[in-house]
Amino acid sequence: MPDAVPPGFESLATSRAYFTQESMLAVETRRRKLFIGLPRETSLQENRICLTPEAVKHLVEAGHDIIMESGAGEPSKYSDHDYSEAGASIAYTAKEVFEADLVLKVAPPTAIEIDYLRAGQTLMSALQFGSLTADYITSILRKKINAISFELIKDPSGAKPVVRAMSEIAGSTVMLVAAEYLARSSEGKGVILGGITGVPPSQVVILGAGTVAEYAARAATGLGAEVKVFDNHLYKLRRLKQNLGTQLYTSTLDTFVLSQQIRRADVVIGALNAEEGRVPFMVSEEVVASMSPGSVIIDVSIDQGGCFETSEITTHSKPVFRKYDVVHYCVPNIASRVPRTATNALSNIFTPILQEISEHGGINEVLFTNEHFRSGVYAYKGSLTNSTIAKKFNMRYKELGLMIAVRN
């Protein structure tokens with residue numbers, strides 16, 4: 001017979017006070033309020049802005065302060081009213097905007113804008129390796145700011161989201177440009193891009209098999225053109241064929257075969273990616289001279305030196321020139337041709353990045369925590385942290401990971 005339970009013991013044994021309880025500890029929040037500046041772009045025909053009014057509204061409601069220079073959104077068809085209604089403060093001088101802790105802009109800052117910067121600020125903008133100078137890097141380092149190139153920022157998968165988005169836009173846009181100039185009887189051949197029943201399709205040659213090439217090839221094949229893609233990376237060619245889901249003529253950059261195809265082409269797209277700061281292949285002037293009159297060349301790689309010996313930088317106001325009776329379109333910022341679409345794409349990328357910076361407690365903390373974001377930093381508190389730039393200009397650089405580890 002079991003021992004009797006002493007009076008009152010049962011109630012004590014079953015009381016919640018004698019069981020292990022969950023401990024309610026205070027959780028330290030590292031979230032930091034951001035002060036973000038959106039200056040008006042002053043670079044030649046740069047029409048994009050990094051945040052839409054909808055993104056601004058989202059960030060303001062999350063507790064952040066945003067100041068925008070008057071007129072910054074107009075090229076993308078967004079008014080000051082749109083941004084003020086979203087909660088942004090409107091400034092009437094660039095200097096006011098550059099007082100923000102984090103300055104977000106598309107084009108690299110001009111010399112005047114660099115003067116506005118102060119130590120400890122963070123600048124997120126394009127770097128544009130093709131036009132990069134040692135003087136620019138030196139002036140950025142002298143300011144002792146944190147400078148981040150958004151072309152170099154990677155996501156957790158290792159991809160570069162800004163480059164991908166702008167390449168998708170450029171690839172889709174170049175075929176519209178090609179169709180426009182090919183059809184103009186006064187400038188082009190006066191033919192349709194593609195083909196109709198009983199008429200042979202137009203010939204399109206694409207140099208490169210990256211994102212630009214993929215979207216250009218998709219648009220061209222959709223119109224009925226015969227597309228040929230050249231690249232020395234077989235895995236890119238294979239991936240391109242798989243992504244398009246169609247049989248596609250592909251080849252390595254064999255000089256003889258390529259020159260023969262270019263001579264027959266109606267449109268040639270140069271979309272090779274720069275390797276170590278320069279485009280790895282260039283079509284000679286002799287080959288361009290052998291193309292048929294009215295053919296169209298679009299050099300998407302012009303900002304990295306170009307794919308054609310005859311290429312010269314053009315602008316959106318005067319986008320083409322003729323050489324050997326071949327139409328050349330060599331505008332470096334093709335995505336700026338459709339700025340509203342490009343602005344929406346940029347905004348979709350930067351809004352989560354800004355939220356991530358806030359949630360981690362600031363730039364230093366997010367760099368310490370997230371290695372993929374670290375890839376975009378080329379200057380950190382007065383030190384150059386990008387080995388490619390250092391090699392290009394024979395400068396000294398420091399390993400960012402080690403600098404952050406020491407500071408933290």
# chains A, B, ... in the order shown; residues from 1 in each chain; ligands from 1

$ closest_atom_pairs --of "stretch 303-353 of chain A" --to "stretch 70-88 of chain A" --cutoff "12 Å" --atoms "only C-alpha atoms" --output "Markdown table"
| residue | atom | partner | partner_atom | distance |
| --- | --- | --- | --- | --- |
| A:Ala335 | CA | A:Ser76 | CA | 11.6 |
| A:Ser336 | CA | A:Ser76 | CA | 9.0 |
| A:Arg337 | CA | A:Ser76 | CA | 9.9 |
| A:Val338 | CA | A:Ser76 | CA | 8.1 |
| A:Pro339 | CA | A:Ser76 | CA | 5.1 |
| A:Arg340 | CA | A:Ser76 | CA | 4.6 |
| A:Thr341 | CA | A:Ser76 | CA | 8.3 |
| A:Ala342 | CA | A:Ser76 | CA | 8.6 |
| A:Thr343 | CA | A:Ser76 | CA | 7.1 |
| A:Asn344 | CA | A:Ser76 | CA | 9.4 |

$ select_by_dssp --residues "stretch 26-259 of chain A" --states "alpha helix (DSSP H)" --output "JSON, numbers by chain"
{"A": [53, 54, 55, 56, 57, 58, 59, 60, 61, 80, 81, 82, 83, 84, 85, 86, 94, 95, 96, 97, 111, 112, 113, 114, 115, 116, 134, 135, 136, 137, 138, 139, 140, 141, 142, 161, 162, 163, 164, 165, 166, 167, 168, 169, 170, 171, 172, 173, 174, 175, 176, 177, 178, 179, 180, 181, 182, 183, 211, 212, 213, 214, 215, 216, 217, 218, 219, 220, 221, 222, 223, 234, 235, 236, 237, 238, 239, 240, 241, 242, 243, 244, 255, 256, 257, 258, 259]}

$ residues_around --residues "A:Met291" --least-positions-apart "6" --cutoff "9 Å" --atoms "only C-alpha atoms" --output "ChimeraX atom specification"
/A:262-266,324-326

$ write_last_selection --atoms "N, CA and C atoms" --output "short mmCIF file (atom, residue, chain, number, x, y, z; two decimals), in the first residue's frame"
data_model
loop_
_atom_site.label_atom_id
_atom_site.label_comp_id
_atom_site.auth_asym_id
_atom_site.auth_seq_id
_atom_site.Cartn_x
_atom_site.Cartn_y
_atom_site.Cartn_z
N ILE A 262 28.79 38.63 -89.11
CA ILE A 262 28.57 40.07 -88.96
C ILE A 262 28.37 40.73 -90.32
N ARG A 263 29.10 40.29 -91.31
CA ARG A 263 28.95 40.86 -92.66
C ARG A 263 27.55 40.64 -93.22
N ARG A 264 26.91 39.55 -92.82
CA ARG A 264 25.57 39.25 -93.32
C ARG A 264 24.46 39.81 -92.45
N ALA A 265 24.82 40.27 -91.25
CA ALA A 265 23.81 40.65 -90.25
C ALA A 265 23.12 41.98 -90.58
N ASP A 266 21.86 42.06 -90.15
CA ASP A 266 21.12 43.32 -90.21
C ASP A 266 21.34 44.11 -88.93
N TYR A 324 30.91 54.17 -92.21
CA TYR A 324 30.88 53.17 -93.28
C TYR A 324 29.44 52.83 -93.64
N ASP A 325 28.56 53.84 -93.50
CA ASP A 325 27.13 53.71 -93.80
C ASP A 325 26.44 52.68 -92.90
N VAL A 326 27.04 52.46 -91.74
CA VAL A 326 26.44 51.58 -90.72
C VAL A 326 25.99 52.46 -89.56
#

$ closest_residue --among "A:Leu44, A:Ile67, A:Ala217, A:Val191" --to "A:Thr315" --atoms "only C-alpha atoms"
A:Leu44

$ residues_around --residues "A:Leu207" --least-positions-apart "3" --cutoff "9 Å" --atoms "only C-alpha atoms" --output "MDAnalysis selection string"
chainID A and resid 213 228:231 253 268:272 307

$ write_last_selection --atoms "N, CA and C atoms" --output "mmCIF file, in the first residue's frame"
data_model
loop_
_atom_site.group_PDB
_atom_site.id
_atom_site.type_symbol
_atom_site.label_atom_id
_atom_site.label_comp_id
_atom_site.auth_asym_id
_atom_site.auth_seq_id
_atom_site.Cartn_x
_atom_site.Cartn_y
_atom_site.Cartn_z
ATOM 1 N N ALA A 213 22.113 39.711 -73.377
ATOM 2 C CA ALA A 213 21.959 38.845 -74.543
ATOM 3 C C ALA A 213 20.702 37.995 -74.440
ATOM 4 N N LYS A 228 21.874 34.713 -83.764
ATOM 5 C CA LYS A 228 23.124 33.969 -83.559
ATOM 6 C C LYS A 228 23.867 34.620 -82.404
ATOM 7 N N VAL A 229 24.282 33.798 -81.422
ATOM 8 C CA VAL A 229 24.924 34.307 -80.205
ATOM 9 C C VAL A 229 26.348 33.770 -80.117
ATOM 10 N N PHE A 230 27.293 34.672 -79.820
ATOM 11 C CA PHE A 230 28.707 34.307 -79.710
ATOM 12 C C PHE A 230 29.234 34.654 -78.319
ATOM 13 N N ASP A 231 29.945 33.713 -77.711
ATOM 14 C CA ASP A 231 30.575 33.942 -76.409
ATOM 15 C C ASP A 231 31.609 32.847 -76.192
ATOM 16 N N LEU A 253 33.765 32.703 -79.838
ATOM 17 C CA LEU A 253 34.171 33.905 -80.577
ATOM 18 C C LEU A 253 35.278 33.584 -81.575
ATOM 19 N N VAL A 268 23.687 43.996 -85.154
ATOM 20 C CA VAL A 268 24.725 43.387 -84.318
ATOM 21 C C VAL A 268 24.685 44.065 -82.949
ATOM 22 N N ILE A 269 24.536 43.260 -81.899
ATOM 23 C CA ILE A 269 24.470 43.760 -80.532
ATOM 24 C C ILE A 269 25.768 43.396 -79.806
ATOM 25 N N GLY A 270 26.459 44.380 -79.267
ATOM 26 C CA GLY A 270 27.665 44.128 -78.473
ATOM 27 C C GLY A 270 27.316 44.126 -76.999
ATOM 28 N N ALA A 271 27.339 42.968 -76.360
ATOM 29 C CA ALA A 271 26.923 42.854 -74.951
ATOM 30 C C ALA A 271 27.875 41.968 -74.158
ATOM 31 N N LEU A 272 29.160 42.104 -74.424
ATOM 32 C CA LEU A 272 30.156 41.329 -73.685
ATOM 33 C C LEU A 272 30.433 41.989 -72.341
ATOM 34 N N CYS A 307 32.583 47.107 -77.798
ATOM 35 C CA CYS A 307 32.888 45.854 -78.492
ATOM 36 C C CYS A 307 33.343 46.080 -79.929
#

$ residues_around --residues "A:Tyr249" --least-positions-apart "3" --cutoff "12 Å" --atoms "only C-alpha atoms" --output "list of chain:residue names"
A:Gln203, A:Val204, A:Val205, A:Ile206, A:Ala209, A:Ala217, A:Thr221, A:Ala225, A:Glu226, A:Val227, A:Lys228, A:Val229, A:Phe230, A:Asp231, A:Leu237, A:Arg238, A:Leu240, A:Lys241, A:Leu244, A:Thr246, A:Thr252, A:Leu258, A:Gln261

$ atom_distance --atom1 "atom CA of A:Gly198" --atom2 "atom CA of A:Gly224"
12.6 Å
